[in-house]
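Below is one structure, written out as structure tokens, with a few remarks after it.
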Amino acid sequence: RILSGDHPDVVGRVGAALGLPAGDAVGGLTPEDKRDAVAALVAARQGDGAIVMVGDGVNDAAALALADVGIAVQGGMGATIVAADIVLT
């Protein structure tokens with residue numbers, strides 16, 4: 001899934017290019033929306049799969065912290081890097 005604060009049209013085009021169903025590429029989300037979506041995915045998880053969140057801004061920190069694995073992209077804000085388990089440089 002793609003959960004993004006970016007414009008829904010852009011997110012939809014990226015999702016389509018990746019072969020994702022339309023409902024799995026959602027844009028225009030607030031930080032709280034992303035946090036709540038990750039929390040719901042973690043709660044609904046079945047089996048041994050892990051919930052991974054990749055973020056690049058302070059608005060992703062809460063979702064990164066809730067995911068089983070949080071990955072921050074270098075250049076992200078300090079709170080994002082602190083909340084992440086992994087930082088890509």
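Simple scheme: letters A, B, ... for chains in structure tokens order, numbers from 1 for residues in each chain, numbers from 1 for ligands in the order shown.
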
Next on the checklist: If DSSP is run on the backbone, what residues of chain A are alpha helix (DSSP H)? A reply as a VMD selection string would be ideal.
Outcome noted: chain A and resid 8 to 17 31 to 44 61 to 66 78 to 83

Item to check | Leu88 (chain A) surroundings by only C-alpha atoms, 7 Å radius, close-in-sequence under 5 positions cut, as number ranges by chain | outcome: A: 72-74

Could you write out that same residue set with C-alpha atoms as a PDB file, in the first residue's frame?
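The result, stored in selection.pdb:
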ATOM      1  CA  ALA A  72      13.448   6.741   7.350  1.00  0.00           C
ATOM      2  CA  VAL A  73      14.933   8.165   4.194  1.00  0.00           C
ATOM      3  CA  GLN A  74      18.019  10.335   4.711  1.00  0.00           C
TER       4      GLN A  74
END

Checklist entry - Which is closer to Asp56 (chain A) than all the others in A:Ala84, A:Val42, A:Ala37, A:Ala25, using only C-alpha atoms? => result A:Ala84

Item to check | Computed interatomic separation between CA of Glu32 (chain A) and CA of Ala63 (chain A) (Å) | outcome: 8.3 Å

Sel. of strand (DSSP E) residues, region 5-64 of chain A, as a PDB file with all heavy atoms, in the first residue's frame:
ATOM      1  N   ALA A  25      -3.525   2.743  -3.100  1.00  0.00           N
ATOM      2  CA  ALA A  25      -2.669   3.912  -3.294  1.00  0.00           C
ATOM      3  C   ALA A  25      -3.499   5.136  -2.924  1.00  0.00           C
ATOM      4  O   ALA A  25      -4.290   5.634  -3.722  1.00  0.00           O
ATOM      5  CB  ALA A  25      -2.184   3.992  -4.736  1.00  0.00           C
ATOM      6  N   VAL A  26      -3.319   5.613  -1.691  1.00  0.00           N
ATOM      7  CA  VAL A  26      -4.170   6.670  -1.152  1.00  0.00           C
ATOM      8  C   VAL A  26      -3.323   7.904  -0.862  1.00  0.00           C
ATOM      9  O   VAL A  26      -2.306   7.827  -0.166  1.00  0.00           O
ATOM     10  CB  VAL A  26      -4.863   6.193   0.146  1.00  0.00           C
ATOM     11  CG1 VAL A  26      -5.792   7.262   0.680  1.00  0.00           C
ATOM     12  CG2 VAL A  26      -5.611   4.894  -0.106  1.00  0.00           C
ATOM     13  N   VAL A  52       5.713  -2.676   7.424  1.00  0.00           N
ATOM     14  CA  VAL A  52       6.867  -1.810   7.206  1.00  0.00           C
ATOM     15  C   VAL A  52       6.362  -0.452   6.740  1.00  0.00           C
ATOM     16  O   VAL A  52       5.501  -0.369   5.867  1.00  0.00           O
ATOM     17  CB  VAL A  52       7.818  -2.408   6.147  1.00  0.00           C
ATOM     18  CG1 VAL A  52       8.991  -1.468   5.884  1.00  0.00           C
ATOM     19  CG2 VAL A  52       8.312  -3.773   6.587  1.00  0.00           C
ATOM     20  N   MET A  53       6.901   0.610   7.316  1.00  0.00           N
ATOM     21  CA  MET A  53       6.558   1.976   6.925  1.00  0.00           C
ATOM     22  C   MET A  53       7.828   2.684   6.508  1.00  0.00           C
ATOM     23  O   MET A  53       8.851   2.591   7.191  1.00  0.00           O
ATOM     24  CB  MET A  53       5.917   2.700   8.121  1.00  0.00           C
ATOM     25  CG  MET A  53       5.712   4.185   7.964  1.00  0.00           C
ATOM     26  SD  MET A  53       4.419   4.575   6.799  1.00  0.00           S
ATOM     27  CE  MET A  53       4.508   6.357   6.792  1.00  0.00           C
ATOM     28  N   VAL A  54       7.770   3.359   5.360  1.00  0.00           N
ATOM     29  CA  VAL A  54       8.891   4.174   4.883  1.00  0.00           C
ATOM     30  C   VAL A  54       8.422   5.621   4.905  1.00  0.00           C
ATOM     31  O   VAL A  54       7.343   5.935   4.395  1.00  0.00           O
ATOM     32  CB  VAL A  54       9.307   3.776   3.446  1.00  0.00           C
ATOM     33  CG1 VAL A  54      10.450   4.663   2.958  1.00  0.00           C
ATOM     34  CG2 VAL A  54       9.694   2.307   3.380  1.00  0.00           C
ATOM     35  N   GLY A  55       9.218   6.491   5.515  1.00  0.00           N
ATOM     36  CA  GLY A  55       8.830   7.893   5.595  1.00  0.00           C
ATOM     37  C   GLY A  55      10.015   8.818   5.447  1.00  0.00           C
ATOM     38  O   GLY A  55      11.158   8.426   5.662  1.00  0.00           O
TER      39      GLY A  55
END

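Distance check against Gly57 (chain A) using only C-alpha atoms: of A:Ala16, A:Val82, A:Ala40, A:Val69, the minimum falls on A:Val82.
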
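Note that the spacing between CA of Pro21 (chain A) and CA of Ala39 (chain A) amounts to 20.9 Å.
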
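For the pair CA of Asp9 (chain A) and CA of Asp33 (chain A), the interatomic distance is 17.5 Å.
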
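Of the residues listed (A:Ala44, A:Leu3, A:Val10, A:Ala17), A:Leu3 shows the shortest atom-to-atom separation from Asn59 (chain A); distances use only C-alpha atoms.
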
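Among the candidate residues A:Leu41, A:Val87, A:Ile2, A:Val11, the one lying nearest to Asp24 (chain A) is A:Ile2, with distances computed using only C-alpha atoms.
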